[in-house]
file data.cif (mmCIF, C-alpha atoms and all ligand atoms)
data_start
loop_
_atom_site.label_atom_id
_atom_site.label_comp_id
_atom_site.auth_asym_id
_atom_site.auth_seq_id
_atom_site.Cartn_x
_atom_site.Cartn_y
_atom_site.Cartn_z
CA MET M 1 -18.05 20.78 -21.51
CA PRO M 2 -21.17 20.10 -19.36
CA GLU M 3 -22.06 16.45 -18.74
CA VAL M 4 -25.02 14.84 -20.54
CA ILE M 5 -28.18 15.38 -18.45
CA GLU M 6 -29.87 12.16 -17.40
CA VAL M 7 -33.66 12.52 -17.67
CA PHE M 8 -35.68 9.76 -16.00
CA LEU M 9 -39.37 9.31 -16.81
CA VAL M 10 -41.21 7.92 -13.80
CA GLU M 11 -44.63 6.37 -13.32
CA CYS M 12 -45.35 8.28 -10.13
CA ARG M 13 -43.95 10.71 -7.58
CA SER M 14 -42.96 8.02 -5.11
CA VAL M 15 -40.65 6.36 -7.67
CA ALA M 16 -38.98 9.73 -8.25
CA ALA M 17 -38.68 10.29 -4.49
CA ARG M 18 -37.11 6.86 -3.95
CA HIS M 19 -34.57 7.45 -6.71
CA THR M 20 -33.75 10.91 -5.33
CA VAL M 21 -33.19 9.51 -1.85
CA ASP M 22 -31.05 6.71 -3.33
CA LEU M 23 -28.83 9.46 -4.76
CA ILE M 24 -28.77 11.20 -1.36
CA ALA M 25 -27.88 7.89 0.33
CA GLN M 26 -25.06 7.25 -2.16
CA THR M 27 -23.70 10.75 -1.49
CA LEU M 28 -23.83 10.11 2.28
CA ALA M 29 -22.18 6.69 1.92
CA ALA M 30 -19.23 8.35 0.19
CA LYS M 31 -19.24 11.36 2.55
CA PRO M 32 -21.23 11.24 5.84
CA GLY M 33 -20.67 14.99 6.28
CA ALA M 34 -22.15 15.75 2.84
CA ARG M 35 -23.83 19.07 2.19
CA PHE M 36 -27.26 19.12 0.58
CA GLY M 37 -29.12 21.97 -1.02
CA SER M 38 -32.81 21.82 -0.15
CA ALA M 39 -35.86 23.14 -1.96
CA THR M 40 -39.46 23.64 -0.82
CA GLY M 41 -42.84 23.29 -2.50
CA GLY M 42 -45.26 20.44 -3.07
CA THR M 43 -42.83 18.66 -5.43
CA MET M 44 -40.42 18.05 -2.56
CA GLU M 45 -42.99 16.59 -0.14
CA PRO M 46 -42.53 12.94 -1.26
CA VAL M 47 -38.75 13.35 -1.11
CA TYR M 48 -38.81 14.55 2.51
CA ALA M 49 -41.34 11.83 3.41
CA GLU M 50 -38.97 9.23 1.93
CA ILE M 51 -35.99 10.68 3.83
CA ALA M 52 -37.98 10.51 7.09
CA SER M 53 -39.08 6.94 6.47
CA ARG M 54 -35.53 5.75 5.61
CA TYR M 55 -34.28 7.42 8.78
CA ALA M 56 -37.03 5.65 10.78
CA GLU M 57 -35.89 2.35 9.23
CA ARG M 58 -32.27 3.18 10.16
CA GLN M 59 -31.22 3.19 6.51
CA LEU M 60 -30.11 6.81 6.48
CA SER M 61 -28.38 9.15 8.90
CA LEU M 62 -28.05 12.90 8.52
CA ALA M 63 -26.20 13.26 11.83
CA LYS M 64 -23.09 14.70 10.18
CA ALA M 65 -24.78 16.24 7.13
CA GLU M 66 -25.66 19.87 6.51
CA ILE M 67 -28.53 21.42 4.59
CA PHE M 68 -28.54 24.77 2.80
CA GLN M 69 -31.95 26.02 1.73
CA LEU M 70 -32.25 27.75 -1.68
CA ASP M 71 -34.40 30.66 -0.61
CA GLU M 72 -36.61 32.27 2.00
CA TYR M 73 -39.51 34.69 1.89
CA TYR M 74 -38.79 38.30 2.83
CA PRO M 75 -39.74 39.70 5.19
CA ILE M 76 -40.68 36.72 7.35
CA GLU M 77 -39.82 35.70 10.90
CA PRO M 78 -37.88 32.40 11.00
CA TRP M 79 -40.52 30.85 13.30
CA HIS M 80 -43.45 31.85 11.03
CA PRO M 81 -45.50 28.74 10.05
CA GLN M 82 -44.96 29.48 6.35
CA SER M 83 -41.25 30.29 6.51
CA TYR M 84 -39.02 27.89 4.64
CA ARG M 85 -37.04 27.39 7.85
CA THR M 86 -40.23 26.05 9.49
CA PHE M 87 -40.96 23.91 6.40
CA LEU M 88 -37.56 22.22 6.69
CA ARG M 89 -37.53 22.03 10.47
CA GLN M 90 -40.82 20.09 10.37
CA ARG M 91 -39.90 17.83 7.45
CA VAL M 92 -36.25 17.13 8.21
CA VAL M 93 -34.92 18.31 11.60
CA ASP M 94 -37.93 17.11 13.66
CA VAL M 95 -38.07 13.70 11.96
CA THR M 96 -34.41 12.74 11.37
CA ASP M 97 -31.11 13.04 13.23
CA LEU M 98 -30.05 16.18 11.32
CA PRO M 99 -28.90 18.51 14.11
CA ARG M 100 -30.65 21.86 14.35
CA SER M 101 -27.27 23.48 13.64
CA GLY M 102 -27.10 21.51 10.39
CA LEU M 103 -30.02 23.44 8.88
CA ASN M 104 -28.93 26.66 7.18
CA VAL M 105 -31.58 29.05 5.87
CA LEU M 106 -31.28 32.67 4.77
CA ASN M 107 -32.64 34.96 7.49
CA GLY M 108 -35.93 36.36 6.21
CA ALA M 109 -36.02 38.82 9.12
CA THR M 110 -32.65 40.42 8.38
CA SER M 111 -32.44 44.20 8.59
CA ASP M 112 -29.68 44.18 5.98
CA PRO M 113 -30.65 41.87 3.06
CA LYS M 114 -27.63 42.89 0.97
CA ARG M 115 -25.21 41.89 3.68
CA THR M 116 -27.09 38.64 4.42
CA CYS M 117 -26.97 37.70 0.73
CA ALA M 118 -23.26 38.48 0.38
CA TRP M 119 -22.56 36.42 3.51
CA TRP M 120 -24.60 33.51 2.05
CA ASP M 121 -22.59 33.53 -1.19
CA GLN M 122 -19.38 33.50 0.83
CA LYS M 123 -20.67 30.66 3.00
CA LEU M 124 -21.57 28.52 -0.05
CA LYS M 125 -18.22 29.18 -1.68
CA GLU M 126 -16.52 27.95 1.48
CA ARG M 127 -18.93 25.03 1.94
CA PRO M 128 -20.01 23.91 -1.57
CA VAL M 129 -23.05 21.71 -1.98
CA ASP M 130 -22.65 18.04 -2.97
CA LEU M 131 -26.25 17.51 -4.10
CA GLN M 132 -28.83 20.21 -4.78
CA LEU M 133 -32.56 19.42 -4.93
CA LEU M 134 -34.50 21.64 -7.33
CA GLY M 135 -38.15 22.08 -8.22
CA ILE M 136 -39.36 24.33 -11.02
CA GLY M 137 -41.98 27.07 -11.03
CA VAL M 138 -44.72 27.31 -13.66
CA GLU M 139 -42.77 30.08 -15.43
CA GLY M 140 -39.49 28.16 -15.30
CA HIS M 141 -37.97 29.58 -12.13
CA ILE M 142 -35.64 27.71 -9.80
CA ALA M 143 -35.22 28.86 -6.19
CA PHE M 144 -36.92 32.27 -6.45
CA VAL M 145 -34.98 33.31 -9.54
CA GLU M 146 -37.65 34.24 -12.04
CA ALA M 147 -37.40 35.22 -15.67
CA GLY M 148 -37.01 39.00 -15.79
CA ALA M 149 -37.05 39.28 -12.00
CA GLU M 150 -36.09 42.61 -10.51
CA GLY M 151 -32.66 42.31 -8.97
CA ALA M 152 -31.78 39.26 -11.06
CA ARG M 153 -29.82 40.19 -14.19
CA GLU M 154 -27.36 38.18 -16.24
CA LEU M 155 -28.37 35.10 -14.34
CA PRO M 156 -25.26 32.94 -14.84
CA LYS M 157 -23.24 35.63 -13.07
CA SER M 158 -25.82 36.45 -10.42
CA GLY M 159 -25.25 36.08 -6.72
CA THR M 160 -27.77 35.70 -3.93
CA SER M 161 -30.16 38.64 -3.80
CA LEU M 162 -33.41 40.16 -2.63
CA VAL M 163 -36.00 39.62 -5.38
CA LYS M 164 -39.53 40.81 -6.02
CA LEU M 165 -41.82 37.86 -6.77
CA HIS M 166 -43.91 37.58 -9.92
CA GLU M 167 -47.69 37.67 -9.69
CA SER M 168 -47.79 34.04 -10.95
CA THR M 169 -45.47 32.82 -8.18
CA ILE M 170 -47.38 34.72 -5.51
CA ARG M 171 -50.59 33.17 -6.84
CA ALA M 172 -49.11 29.66 -7.01
CA ASN M 173 -47.83 29.86 -3.43
CA SER M 174 -50.90 31.58 -1.98
CA ARG M 175 -52.40 28.12 -1.30
CA TYR M 176 -49.98 27.69 1.61
CA PHE M 177 -51.05 30.90 3.40
CA GLY M 178 -54.11 31.06 5.61
CA PRO M 179 -56.63 33.93 5.36
CA ASP M 180 -55.04 35.64 8.40
CA GLU M 181 -51.48 35.27 7.18
CA THR M 182 -49.80 37.98 5.11
CA GLN M 183 -48.00 36.49 2.15
CA PRO M 184 -44.63 38.16 1.46
CA THR M 185 -44.13 39.50 -2.05
CA GLN M 186 -40.35 39.40 -1.91
CA ALA M 187 -37.74 36.76 -1.18
CA LEU M 188 -34.05 36.21 -0.58
CA SER M 189 -32.89 33.80 -3.24
CA VAL M 190 -29.61 32.10 -4.03
CA GLY M 191 -28.20 33.29 -7.36
CA ILE M 192 -27.87 31.10 -10.45
CA GLY M 193 -24.20 32.11 -10.57
CA THR M 194 -23.75 30.92 -6.99
CA LEU M 195 -25.42 27.59 -7.79
CA LEU M 196 -23.35 27.03 -10.94
CA GLU M 197 -20.16 27.78 -9.03
CA THR M 198 -20.86 25.75 -5.91
CA VAL M 199 -23.10 22.74 -6.72
CA GLU M 200 -21.64 19.36 -7.69
CA HIS M 201 -24.85 17.51 -8.62
CA PHE M 202 -28.29 18.99 -9.43
CA VAL M 203 -31.40 16.83 -9.04
CA LEU M 204 -34.41 18.53 -10.63
CA LEU M 205 -37.89 17.09 -10.12
CA ALA M 206 -41.16 18.09 -11.78
CA PHE M 207 -44.62 16.54 -11.64
CA GLY M 208 -47.92 17.44 -13.29
CA SER M 209 -48.99 19.05 -16.55
CA GLU M 210 -48.37 22.64 -15.37
CA LYS M 211 -44.63 21.83 -15.30
CA SER M 212 -44.58 20.40 -18.83
CA ARG M 213 -44.06 23.68 -20.73
CA PRO M 214 -41.34 25.08 -18.41
CA MET M 215 -39.48 21.75 -18.42
CA ALA M 216 -39.48 21.59 -22.24
CA ALA M 217 -38.25 25.21 -22.38
CA ALA M 218 -35.51 24.45 -19.82
CA LEU M 219 -34.20 21.31 -21.52
CA LEU M 220 -34.89 21.93 -25.23
CA GLY M 221 -35.12 25.72 -25.61
CA ASP M 222 -32.30 28.26 -25.46
CA VAL M 223 -30.18 28.52 -22.33
CA SER M 224 -31.18 32.04 -21.37
CA ASP M 225 -32.57 34.31 -18.68
CA ALA M 226 -36.06 33.63 -20.12
CA SER M 227 -35.84 30.19 -18.51
CA PRO M 228 -33.80 30.32 -15.30
CA ALA M 229 -33.99 26.50 -15.03
CA SER M 230 -32.23 26.18 -18.42
CA TYR M 231 -28.95 27.07 -16.67
CA VAL M 232 -28.72 23.56 -15.22
CA ARG M 233 -27.40 22.79 -18.71
CA GLU M 234 -24.30 24.80 -17.76
CA ALA M 235 -23.67 22.85 -14.56
CA LYS M 236 -20.03 21.97 -13.92
CA GLY M 237 -21.00 18.52 -12.61
CA LYS M 238 -23.86 16.12 -12.96
CA THR M 239 -27.55 16.88 -13.52
CA THR M 240 -30.34 14.36 -12.99
CA VAL M 241 -33.93 15.20 -13.96
CA LEU M 242 -36.96 13.19 -12.80
CA LEU M 243 -40.30 13.80 -14.53
CA ASP M 244 -43.65 12.11 -14.39
CA HIS M 245 -45.40 11.58 -17.73
CA ALA M 246 -47.50 14.75 -17.45
CA ALA M 247 -44.45 16.93 -16.78
CA ALA M 248 -42.51 15.24 -19.60
CA ALA M 249 -45.25 15.64 -22.27
CA ASP M 250 -43.96 18.80 -24.05
CA LEU M 251 -40.35 17.66 -23.77
CA LEU M 252 -41.14 14.31 -25.42
CA ALA M 253 -43.29 15.98 -28.10
CA GLY M 254 -40.41 18.39 -28.85
CA ILE M 255 -37.91 15.56 -29.06
CA GLN M 256 -40.18 13.66 -31.42
CA LYS M 257 -40.59 16.76 -33.59
CA GLN M 258 -36.80 17.15 -33.78
CA GLY M 259 -36.42 13.50 -34.74
CA GLY M 260 -34.56 12.48 -31.58
CA ALA M 261 -33.04 13.66 -28.32
CA PRO M 262 -30.35 16.36 -28.57
CA PRO M 263 -26.82 15.31 -27.55
CA HIS M 264 -27.07 17.04 -24.15
CA LEU M 265 -29.95 14.79 -23.04
CA SER M 266 -30.22 11.09 -22.29
CA ILE M 267 -33.82 9.96 -21.75
CA LYS M 268 -34.59 6.77 -19.81
CA CYS M 269 -37.55 5.20 -18.06
CA LEU M 270 -37.21 4.31 -14.40
C1 LIG Q 1 -41.33 28.02 -4.97
C2 LIG Q 1 -39.93 27.64 -4.54
C3 LIG Q 1 -39.23 26.80 -5.59
C4 LIG Q 1 -40.15 25.65 -6.00
C5 LIG Q 1 -41.41 26.19 -6.57
C6 LIG Q 1 -42.35 25.12 -7.10
O1 LIG Q 1 -41.34 29.07 -5.84
N1 LIG Q 1 -39.13 28.78 -4.25
O2 LIG Q 1 -38.02 26.29 -5.06
O3 LIG Q 1 -39.49 24.84 -6.95
O4 LIG Q 1 -42.05 26.93 -5.54
O5 LIG Q 1 -43.20 24.68 -6.09
P1 LIG Q 1 -44.16 23.43 -6.21
O6 LIG Q 1 -43.27 22.24 -6.07
O7 LIG Q 1 -45.11 23.57 -5.08
O8 LIG Q 1 -44.80 23.49 -7.54
#
call {"tool": "encode", "arguments": {"input": "data.cif", "output": "structure tokens"}}
result
Amino acid sequence: MPEVIEVFLVECRSVAARHTVDLIAQTLAAKPGARFGSATGGTMEPVYAEIASRYAERQLSLAKAEIFQLDEYYPIEPWHPQSYRTFLRQRVVDVTDLPRSGLNVLNGATSDPKRTCAWWDQKLKERPVDLQLLGIGVEGHIAFVEAGAEGARELPKSGTSLVKLHESTIRANSRYFGPDETQPTQALSVGIGTLLETVEHFVLLAFGSEKSRPMAAALLGDVSDASPASYVREAKGKTTVLLDHAAAADLLAGIQKQGGAPPHLSIKCL
């Protein structure tokens, strides 16, 4: 029986980032060699900024920790300015004591994506993740697992795979690519099945009105492939959700319409 999901409503992104890094710090206090699952995107920026500032204040050390990134564009060279490896190197490795060897990212330049993905699933099974950061896409995707994505079928059983990105995701992420940079239209993405099998604690963050509809679908709608994020409701461990008021609007309206929160959700203000 999955645990009740704790949903925290926050005034602003920095409150959500501080709470997220408190959870990371608690995980590290219990286990200095903890393994974290990282995510990219604008939502995660305040979280990485908070990690860097706590490290600078000597309140946090990632010296023994390891990071496993959810996904990577394909094809992309690891050193490309828009690769997710570069994103994490700049925001974590360069500004904390996480060793370079502690950052694990799928190789977007692999000549054999199938083999790389199978190896990643094996690696995560051997080294399960203690705390997984998650953002959500405008159509409800987590990592690069999109509703109806090619290569992603029966999501709760799906492993890491090469996926073709939706038009909406390509459009949403085009803001990060310069006019001279070619934006990949495919990605290597961890599978929902892999996440459900290997993650102990999911921490899902969403800010802004464009995340309101997908968050309501994920937490109040059916658990189904139409909303990849809805599978956090099948997590074997804990799930924490942090939403600003704009991202929580449809969820709160839905709860009000139903006359109260369903038993799988506990809603609190932070
Ligand atoms: C990409 C990433 C996701 C991320 C999403 C949302 O698609 N693969 O992990 O959650 O973007 O990004 P943003 O936080 O910029 O809205």
call {"tool": "closest_residue", "arguments": {"input": "data.cif", "among": "M:Glu45, M:Glu66, M:Glu139, M:Asp112", "to": "M:Arg100", "atoms": "all atoms listed in the file"}}
result
M:Glu66
call {"tool": "atom_distance", "arguments": {"input": "data.cif", "atom1": "atom CA of M:Gly193", "atom2": "atom CA of M:Gln132"}}
result
14.0 Å
call {"tool": "closest_residue", "arguments": {"input": "data.cif", "among": "M:Ile76, M:Leu133, M:Ala16, M:Leu88", "to": "ligand LIG 1 (chain Q)", "atoms": "only C-alpha atoms and all ligand atoms"}}
result
M:Leu133
call {"tool": "residues_near_point", "arguments": {"input": "data.cif", "point": "(-19.4, 15.3, -8.0)", "cutoff": "10 Å", "atoms": "only C-alpha atoms", "output": "count of residues only"}}
result
12
call {"tool": "residues_around", "arguments": {"input": "data.cif", "residues": "M:Leu155", "least_positions_apart": "2", "cutoff": "12 Å", "atoms": "all atoms listed in the file", "output": "VMD selection string"}}
result
chain M and resid 141 to 142 144 to 153 157 to 161 190 to 196 223 to 232 234
call {"tool": "residues_near_ligand", "arguments": {"input": "data.cif", "ligand": "ligand LIG 1 (chain Q)", "cutoff": "6 Å", "atoms": "only C-alpha atoms and all ligand atoms", "output": "list in words"}}
result
Ala39, Thr40, Gly41, Gly42, Thr43, Leu134, Gly135, Ile136, Gly137, Ile142, Ala143 and Phe144 of chain M
call {"tool": "closest_residue", "arguments": {"input": "data.cif", "among": "M:Thr240, M:Gln69, M:Gln90, M:Gln26", "to": "M:Leu265", "atoms": "all atoms listed in the file"}}
result
M:Thr240
call {"tool": "closest_residue", "arguments": {"input": "data.cif", "among": "M:Asn104, M:Thr96, M:Thr185, M:Ser61", "to": "M:Tyr73", "atoms": "only C-alpha atoms"}}
result
M:Thr185
call {"tool": "residues_around", "arguments": {"input": "data.cif", "residues": "stretch 205-208 of chain M", "least_positions_apart": "6", "cutoff": "6 Å", "atoms": "only C-alpha atoms", "output": "ChimeraX atom specification"}}
result
/M:135,241-244,246-247
call {"tool": "atom_distance", "arguments": {"input": "data.cif", "atom1": "atom CA of M:Arg175", "atom2": "atom CA of M:Ser83"}}
result
13.8 Å
call {"tool": "atom_distance", "arguments": {"input": "data.cif", "atom1": "atom CA of M:Ala49", "atom2": "atom CA of M:Arg91"}}
result
7.4 Å
call {"tool": "closest_residue", "arguments": {"input": "data.cif", "among": "M:Gln258, M:Thr86, M:Gln59, M:Thr116", "to": "M:Gly221", "atoms": "only C-alpha atoms"}}
result
M:Gln258
call {"tool": "closest_residue", "arguments": {"input": "data.cif", "among": "M:Arg13, M:Lys64, M:Lys123, M:Lys257", "to": "M:Tyr48", "atoms": "only C-alpha atoms"}}
result
M:Arg13
call {"tool": "residues_near_point", "arguments": {"input": "data.cif", "point": "(-25.0, 31.3, 3.7)", "cutoff": "10 Å", "atoms": "all atoms listed in the file", "output": "PyMOL selection string"}}
result
chain M and resi 68-70+104-107+116-127+160+190
call {"tool": "residues_around", "arguments": {"input": "data.cif", "residues": "M:Leu162", "least_positions_apart": "6", "cutoff": "8 Å", "atoms": "all atoms listed in the file", "output": "MDAnalysis selection string"}}
result
chainID M and resid 74 113:114 117 151 186:189
